[in-house]
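Q: I have a structure here, written as structure tokens, and I will follow up with some questions on it.
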Amino acid sequence: MSTPTPRPRRRTRLVTAGFIYLAVLLAVGLAAGGRPNNLLVWIFSFLLGGLLVSGLVSGLAMMALRVTRIEPRTGSVGQPLVIRYEIENRSRFIPAFDIRVEELGDGAGRGAWEQVCHAWVMHVGPSERAQAEAVLRPLQRGVLRLAGFAASTTFPFGIMRKRVEFAQAGEVLIQPEVRELKADLIARITAGGIGGHRLSRDPGGADDFFGVREYRPGDSVRTIAWKRLAGTGELATIERSRSVPPRLRILLDLRVPTSEIRVGEGEAARELEERAIVLAASFAQLAERLGYEYAASVVGFEFPPIALRRGYFHRERIMSMLAAIDLERPRSRGSGLASSDERATVLVIHPDRVDLAVAPDAAWHFTARQFESLLAGAPAGVTP
């Protein structure tokens, strides 16, 4: 969160009702000037006074207003992104009413998001603070840059809009979109492979027999080796192995520059790359939902591989890595995972063509063109 400029820009604009009001004011003024009488003069004076009071009241309230944006660290494409604003009224006597806050955007941010709803607060008393929330919907993956925002009000008569613009730069890392894949997709990939269900080398749990050790205070009575106690007279504890969930490494192959990707009729190379990133994010989300251990690597960019883990923060780390991929940067020709001692099923995602040399022989390969067939609800018969 950064501090807004100490001298915000102030603007005054007439709204639709203000133009109608001004037209009526001019008509009454011309009538009062052409054939002056007490009634027309009083009406003209009343309308003119309302215009002056509207500008004075709203202007004094907005002069003492300061707004600070509080943006989140991350968001997701297509998902609501909540932006909070702290509205401070520095005036000691004048309250502020009907305050509306909206993002202005800039040339780099146009088309990167759409405004779902503006932030609004009804009342901020003298020397008080209030918070309001606006909702944006990000449309692109990557860094969402917010340039400035404006606070405005049409109080008290809705004739003119007093507007105060604040220049506060902000950035939000937008993670790729996540689509729901077929629930049994990863299970079919890892079944029978080195990344499938297996027994851990460490004790724990209550599965198959692992070994016997000396009894320690606090061990459960259920784990005592009674036969050994009967034979030796010494207490011993039975240890059992624990089951380890399947392991999956997601390898995103982006070594081929965008200009060298082969595209068919109606296809765009950049769209295929983005679809491959979305597919990688969707696989990570599915693995997390099923309780698998999973990892991620990107070939073509200098990102360190993420080790096998699971959990919310592990998922956020992978999603942030995918969000930070800048497809405009030069690519590197890495070796991928041609050889690895990691006990995990390797799943490789390519934008267009499959390159078997990037991963071990037992790896599974998918392309961005298969994306629609892997989604939940896709027609049956498409198998990995």
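Ligands are numbered from 1 in the order shown, residues from 1 within each chain, and chains are lettered A, B, ... in the order they appear in the structure tokens.
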Would you list, as a short mmCIF file (atom, residue, chain, number, x, y, z; two decimals) with N, CA and C atoms, in the first residue's frame, the residues of region 5-148 of chain A that end up in helix (DSSP H, G or I) under DSSP run on this structure's backbone?

A:
data_model
loop_
_atom_site.label_atom_id
_atom_site.label_comp_id
_atom_site.auth_asym_id
_atom_site.auth_seq_id
_atom_site.Cartn_x
_atom_site.Cartn_y
_atom_site.Cartn_z
N THR A 16 -26.35 15.01 -15.95
CA THR A 16 -27.51 15.23 -16.83
C THR A 16 -28.55 16.13 -16.17
N ALA A 17 -28.81 15.84 -14.88
CA ALA A 17 -29.77 16.69 -14.17
C ALA A 17 -29.26 18.11 -14.04
N GLY A 18 -27.95 18.30 -13.99
CA GLY A 18 -27.38 19.64 -13.90
C GLY A 18 -27.60 20.44 -15.17
N PHE A 19 -27.47 19.79 -16.34
CA PHE A 19 -27.71 20.49 -17.60
C PHE A 19 -29.18 20.92 -17.71
N ILE A 20 -30.07 20.05 -17.28
CA ILE A 20 -31.50 20.41 -17.29
C ILE A 20 -31.75 21.57 -16.34
N TYR A 21 -31.14 21.51 -15.16
CA TYR A 21 -31.28 22.57 -14.17
C TYR A 21 -30.75 23.89 -14.73
N LEU A 22 -29.59 23.82 -15.40
CA LEU A 22 -28.99 25.04 -15.96
C LEU A 22 -29.85 25.62 -17.09
N ALA A 23 -30.45 24.74 -17.89
CA ALA A 23 -31.33 25.23 -18.96
C ALA A 23 -32.55 25.94 -18.38
N VAL A 24 -33.14 25.36 -17.33
CA VAL A 24 -34.28 26.01 -16.68
C VAL A 24 -33.86 27.34 -16.07
N LEU A 25 -32.68 27.37 -15.47
CA LEU A 25 -32.18 28.59 -14.86
C LEU A 25 -32.01 29.70 -15.90
N LEU A 26 -31.44 29.34 -17.06
CA LEU A 26 -31.27 30.33 -18.11
C LEU A 26 -32.61 30.82 -18.67
N ALA A 27 -33.57 29.89 -18.82
CA ALA A 27 -34.88 30.28 -19.34
C ALA A 27 -35.59 31.23 -18.38
N VAL A 28 -35.54 30.92 -17.08
CA VAL A 28 -36.17 31.80 -16.09
C VAL A 28 -35.43 33.13 -16.03
N GLY A 29 -34.10 33.11 -16.17
CA GLY A 29 -33.34 34.35 -16.14
C GLY A 29 -33.67 35.25 -17.31
N LEU A 30 -33.81 34.66 -18.51
CA LEU A 30 -34.18 35.46 -19.67
C LEU A 30 -35.59 36.03 -19.52
N ALA A 31 -36.50 35.21 -18.97
CA ALA A 31 -37.87 35.70 -18.76
C ALA A 31 -37.90 36.81 -17.73
N ALA A 32 -37.12 36.64 -16.66
CA ALA A 32 -37.09 37.68 -15.63
C ALA A 32 -36.44 38.96 -16.13
N GLY A 33 -35.49 38.84 -17.04
CA GLY A 33 -34.86 40.04 -17.59
C GLY A 33 -35.73 40.74 -18.62
N GLY A 34 -36.52 39.95 -19.38
CA GLY A 34 -37.37 40.55 -20.40
C GLY A 34 -38.59 41.23 -19.82
N ASN A 38 -41.87 40.31 -9.62
CA ASN A 38 -41.37 39.75 -8.35
C ASN A 38 -41.30 38.23 -8.38
N LEU A 39 -42.30 37.56 -8.94
CA LEU A 39 -42.32 36.10 -8.94
C LEU A 39 -41.16 35.52 -9.74
N LEU A 40 -40.94 36.02 -10.96
CA LEU A 40 -39.85 35.49 -11.79
C LEU A 40 -38.49 35.79 -11.17
N VAL A 41 -38.35 36.94 -10.58
CA VAL A 41 -37.07 37.29 -9.94
C VAL A 41 -36.81 36.37 -8.75
N TRP A 42 -37.85 36.13 -7.96
CA TRP A 42 -37.68 35.23 -6.81
C TRP A 42 -37.34 33.80 -7.27
N ILE A 43 -37.99 33.32 -8.30
CA ILE A 43 -37.70 31.97 -8.80
C ILE A 43 -36.27 31.90 -9.33
N PHE A 44 -35.88 32.92 -10.10
CA PHE A 44 -34.51 32.93 -10.63
C PHE A 44 -33.48 32.97 -9.50
N SER A 45 -33.76 33.80 -8.49
CA SER A 45 -32.83 33.90 -7.35
C SER A 45 -32.74 32.58 -6.60
N PHE A 46 -33.91 31.91 -6.45
CA PHE A 46 -33.91 30.62 -5.75
C PHE A 46 -33.11 29.57 -6.52
N LEU A 47 -33.29 29.49 -7.83
CA LEU A 47 -32.55 28.53 -8.65
C LEU A 47 -31.06 28.84 -8.65
N LEU A 48 -30.70 30.09 -8.77
CA LEU A 48 -29.30 30.46 -8.74
C LEU A 48 -28.66 30.17 -7.38
N GLY A 49 -29.42 30.42 -6.34
CA GLY A 49 -28.90 30.11 -5.00
C GLY A 49 -28.70 28.62 -4.79
N GLY A 50 -29.62 27.80 -5.34
CA GLY A 50 -29.44 26.35 -5.24
C GLY A 50 -28.19 25.87 -5.94
N LEU A 51 -27.88 26.47 -7.11
CA LEU A 51 -26.66 26.09 -7.83
C LEU A 51 -25.41 26.46 -7.04
N LEU A 52 -25.42 27.64 -6.44
CA LEU A 52 -24.26 28.08 -5.66
C LEU A 52 -24.09 27.25 -4.40
N VAL A 53 -25.21 26.96 -3.72
CA VAL A 53 -25.13 26.15 -2.50
C VAL A 53 -24.63 24.75 -2.81
N SER A 54 -25.11 24.17 -3.93
CA SER A 54 -24.66 22.83 -4.31
C SER A 54 -23.16 22.78 -4.52
N GLY A 55 -22.62 23.77 -5.25
CA GLY A 55 -21.18 23.79 -5.48
C GLY A 55 -20.38 24.06 -4.24
N LEU A 56 -20.89 24.93 -3.36
CA LEU A 56 -20.15 25.28 -2.15
C LEU A 56 -20.11 24.13 -1.16
N VAL A 57 -21.27 23.49 -0.92
CA VAL A 57 -21.33 22.41 0.08
C VAL A 57 -20.47 21.22 -0.35
N SER A 58 -20.65 20.78 -1.61
CA SER A 58 -19.88 19.62 -2.06
C SER A 58 -18.39 19.96 -2.18
N GLY A 59 -18.08 21.20 -2.60
CA GLY A 59 -16.68 21.59 -2.74
C GLY A 59 -15.94 21.62 -1.42
N LEU A 60 -16.56 22.17 -0.39
CA LEU A 60 -15.92 22.21 0.93
C LEU A 60 -15.72 20.81 1.49
N ALA A 61 -16.69 19.93 1.26
CA ALA A 61 -16.56 18.55 1.78
C ALA A 61 -15.44 17.80 1.07
N MET A 62 -15.32 17.97 -0.25
CA MET A 62 -14.32 17.22 -0.99
C MET A 62 -12.91 17.76 -0.81
N MET A 63 -12.77 19.03 -0.45
CA MET A 63 -11.44 19.60 -0.25
C MET A 63 -10.70 18.92 0.90
#

Q: Give me, as a JSON list (two decimals) with C-alpha atoms, in the first residue's frame, all polymer residues having an atom no more than 7 Å from Val135 (chain A), counting only C-alpha atoms and skipping those fewer than 4 positions away in the same chain.

A:
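Written output follows (around-v7.json):
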[["chain", "number", "residue", "atom", "x", "y", "z"],
["A", 80, "PRO", "CA", -13.87, -11.00, -8.30],
["A", 81, "LEU", "CA", -11.00, -8.87, -7.04],
["A", 82, "VAL", "CA", -11.90, -6.77, -4.00],
["A", 83, "ILE", "CA", -10.17, -3.38, -3.75],
["A", 115, "GLN", "CA", -15.26, -2.65, -13.14],
["A", 116, "VAL", "CA", -18.00, -4.76, -11.57],
["A", 117, "CYS", "CA", -19.08, -2.26, -8.95],
["A", 118, "HIS", "CA", -17.75, 1.00, -7.53]]

Q: Can you tell me, as an MDAnalysis selection string, what residues are no more than 6 Å from Tyr215 (chain A) when counting only C-alpha atoms, ignoring any on the same chain fewer than 6 positions away?

A: chainID A and resid 235:237

Q: What separation in Å, quoted to one decimal, exists between CA of Ser259 (chain A) and CA of Val298 (chain A)?

A: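 Separating CA of Ser259 (chain A) from CA of Val298 (chain A) is a distance of 18.8 Å.
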
Q: Would you kindly return, as an mmCIF file with N, CA and C atoms, in the first residue's frame, each protein, DNA or RNA residue with an atom no farther than 8 Å from any atom of region 143-158 of chain A, considering only C-alpha atoms and excluding same-chain residues fewer than 3 positions away?

A:
data_model
loop_
_atom_site.group_PDB
_atom_site.id
_atom_site.type_symbol
_atom_site.label_atom_id
_atom_site.label_comp_id
_atom_site.auth_asym_id
_atom_site.auth_seq_id
_atom_site.Cartn_x
_atom_site.Cartn_y
_atom_site.Cartn_z
ATOM 1 N N VAL A 15 -23.788 16.983 -14.264
ATOM 2 C CA VAL A 15 -24.411 15.724 -14.657
ATOM 3 C C VAL A 15 -25.625 16.045 -15.523
ATOM 4 N N ALA A 17 -28.812 15.839 -14.883
ATOM 5 C CA ALA A 17 -29.767 16.688 -14.166
ATOM 6 C C ALA A 17 -29.258 18.113 -14.041
ATOM 7 N N GLY A 18 -27.946 18.299 -13.993
ATOM 8 C CA GLY A 18 -27.380 19.637 -13.897
ATOM 9 C C GLY A 18 -27.600 20.443 -15.168
ATOM 10 N N SER A 54 -25.108 24.174 -3.928
ATOM 11 C CA SER A 54 -24.661 22.829 -4.307
ATOM 12 C C SER A 54 -23.159 22.781 -4.523
ATOM 13 N N VAL A 57 -21.267 23.488 -0.920
ATOM 14 C CA VAL A 57 -21.327 22.412 0.075
ATOM 15 C C VAL A 57 -20.474 21.224 -0.349
ATOM 16 N N SER A 58 -20.650 20.778 -1.608
ATOM 17 C CA SER A 58 -19.875 19.621 -2.057
ATOM 18 C C SER A 58 -18.390 19.961 -2.185
ATOM 19 N N MET A 62 -15.317 17.973 -0.248
ATOM 20 C CA MET A 62 -14.324 17.219 -0.992
ATOM 21 C C MET A 62 -12.910 17.760 -0.808
ATOM 22 N N VAL A 67 -8.182 9.831 0.294
ATOM 23 C CA VAL A 67 -8.515 8.423 0.065
ATOM 24 C C VAL A 67 -7.233 7.650 -0.204
ATOM 25 N N PHE A 97 -20.911 13.367 2.288
ATOM 26 C CA PHE A 97 -22.002 12.453 2.020
ATOM 27 C C PHE A 97 -21.881 11.911 0.593
ATOM 28 N N ASP A 98 -22.409 10.707 0.421
ATOM 29 C CA ASP A 98 -22.558 10.092 -0.908
ATOM 30 C C ASP A 98 -21.230 10.088 -1.667
ATOM 31 N N ILE A 99 -20.215 9.446 -1.091
ATOM 32 C CA ILE A 99 -18.890 9.406 -1.695
ATOM 33 C C ILE A 99 -18.774 8.143 -2.552
ATOM 34 N N ARG A 100 -18.412 8.322 -3.790
ATOM 35 C CA ARG A 100 -18.223 7.209 -4.724
ATOM 36 C C ARG A 100 -16.773 7.198 -5.195
ATOM 37 N N VAL A 101 -16.136 6.010 -5.148
ATOM 38 C CA VAL A 101 -14.729 5.867 -5.540
ATOM 39 C C VAL A 101 -14.662 4.879 -6.695
ATOM 40 N N GLU A 102 -13.926 5.245 -7.740
ATOM 41 C CA GLU A 102 -13.774 4.379 -8.906
ATOM 42 C C GLU A 102 -12.352 4.471 -9.438
ATOM 43 N N GLU A 103 -11.901 3.375 -10.041
ATOM 44 C CA GLU A 103 -10.567 3.333 -10.635
ATOM 45 C C GLU A 103 -10.572 4.057 -11.971
ATOM 46 N N LEU A 104 -9.447 4.725 -12.254
ATOM 47 C CA LEU A 104 -9.311 5.454 -13.509
ATOM 48 C C LEU A 104 -8.650 4.617 -14.588
ATOM 49 N N GLY A 105 -7.683 3.771 -14.215
ATOM 50 C CA GLY A 105 -6.964 2.996 -15.207
ATOM 51 C C GLY A 105 -6.007 3.863 -15.991
ATOM 52 N N ASP A 106 -5.205 3.218 -16.857
ATOM 53 C CA ASP A 106 -4.288 3.953 -17.721
ATOM 54 C C ASP A 106 -4.128 3.187 -19.017
ATOM 55 N N ALA A 108 -1.765 1.254 -20.063
ATOM 56 C CA ALA A 108 -1.293 -0.118 -19.934
ATOM 57 C C ALA A 108 -2.346 -1.018 -19.328
ATOM 58 N N GLY A 109 -3.264 -0.460 -18.569
ATOM 59 C CA GLY A 109 -4.236 -1.291 -17.884
ATOM 60 C C GLY A 109 -5.561 -1.435 -18.596
ATOM 61 N N ALA A 112 -7.387 -4.878 -19.267
ATOM 62 C CA ALA A 112 -6.875 -5.880 -18.346
ATOM 63 C C ALA A 112 -7.884 -6.218 -17.250
ATOM 64 N N PRO A 138 -10.481 -9.217 -13.115
ATOM 65 C CA PRO A 138 -9.308 -9.265 -14.006
ATOM 66 C C PRO A 138 -9.594 -10.117 -15.234
ATOM 67 N N ARG A 161 -21.186 17.191 -10.199
ATOM 68 C CA ARG A 161 -20.346 16.176 -9.569
ATOM 69 C C ARG A 161 -18.991 16.789 -9.242
ATOM 70 N N LYS A 162 -18.672 16.837 -7.968
ATOM 71 C CA LYS A 162 -17.355 17.258 -7.514
ATOM 72 C C LYS A 162 -16.452 16.035 -7.480
ATOM 73 N N ARG A 163 -15.312 16.124 -8.102
ATOM 74 C CA ARG A 163 -14.438 14.971 -8.303
ATOM 75 C C ARG A 163 -13.026 15.297 -7.840
ATOM 76 N N VAL A 164 -12.431 14.385 -7.086
ATOM 77 C CA VAL A 164 -11.051 14.519 -6.627
ATOM 78 C C VAL A 164 -10.289 13.295 -7.109
ATOM 79 N N GLU A 165 -9.225 13.511 -7.869
ATOM 80 C CA GLU A 165 -8.448 12.415 -8.441
ATOM 81 C C GLU A 165 -7.147 12.231 -7.661
ATOM 82 N N PHE A 166 -6.851 10.984 -7.328
ATOM 83 C CA PHE A 166 -5.653 10.629 -6.572
ATOM 84 C C PHE A 166 -4.755 9.773 -7.455
ATOM 85 N N ALA A 167 -3.489 10.114 -7.506
ATOM 86 C CA ALA A 167 -2.501 9.350 -8.277
ATOM 87 C C ALA A 167 -1.751 8.429 -7.328
ATOM 88 N N GLN A 168 -2.202 7.196 -7.226
ATOM 89 C CA GLN A 168 -1.560 6.201 -6.366
ATOM 90 C C GLN A 168 -1.338 4.935 -7.176
ATOM 91 N N ALA A 169 -0.092 4.643 -7.479
ATOM 92 C CA ALA A 169 0.228 3.446 -8.252
ATOM 93 C C ALA A 169 0.081 2.203 -7.387
ATOM 94 N N GLY A 170 -0.371 1.133 -7.990
ATOM 95 C CA GLY A 170 -0.524 -0.133 -7.281
ATOM 96 C C GLY A 170 -0.396 -1.297 -8.247
ATOM 97 N N GLU A 171 0.014 -2.443 -7.732
ATOM 98 C CA GLU A 171 0.174 -3.645 -8.547
ATOM 99 C C GLU A 171 -0.454 -4.839 -7.837
ATOM 100 N N VAL A 172 -1.120 -5.672 -8.619
ATOM 101 C CA VAL A 172 -1.711 -6.911 -8.118
ATOM 102 C C VAL A 172 -1.296 -8.022 -9.070
ATOM 103 N N LEU A 173 -0.760 -9.109 -8.531
ATOM 104 C CA LEU A 173 -0.354 -10.243 -9.359
ATOM 105 C C LEU A 173 -1.587 -11.098 -9.639
ATOM 106 N N ILE A 174 -1.963 -11.178 -10.905
ATOM 107 C CA ILE A 174 -3.161 -11.908 -11.297
ATOM 108 C C ILE A 174 -2.759 -13.314 -11.731
ATOM 109 N N ALA A 323 1.745 -17.018 -12.894
ATOM 110 C CA ALA A 323 1.281 -15.653 -13.171
ATOM 111 C C ALA A 323 2.424 -14.753 -13.603
ATOM 112 N N ALA A 324 3.628 -15.013 -13.118
ATOM 113 C CA ALA A 324 4.774 -14.138 -13.390
ATOM 114 C C ALA A 324 5.443 -14.424 -14.726
#

Q: Quick one, how far is CA of Ala295 (chain A) from CA of Gly311 (chain A)?

A: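 Between CA of Ala295 (chain A) and CA of Gly311 (chain A) the gap is 11.4 Å.
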
Q: Taking into account only C-alpha atoms, which residue in the set A:Met319, A:Leu308, A:Asn37, A:Asp253 is nearest to Val77 (chain A)?

A: A:Met319

Q: Choose the residue, out of A:Ile318, A:Ser282, A:Leu356, A:Thr345, that has the smallest atom-to-atom separation from Ala376 (chain A); count only C-alpha atoms.

A: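 Of all the options, A:Ser282 lies closest to Ala376 (chain A).
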
Q: DSSP on the backbone, then: every residue of region 297-352 of chain A marked strand (DSSP E or B), written as an MDAnalysis selection string.

A: chainID A and resid 297:299 306:309 345:350
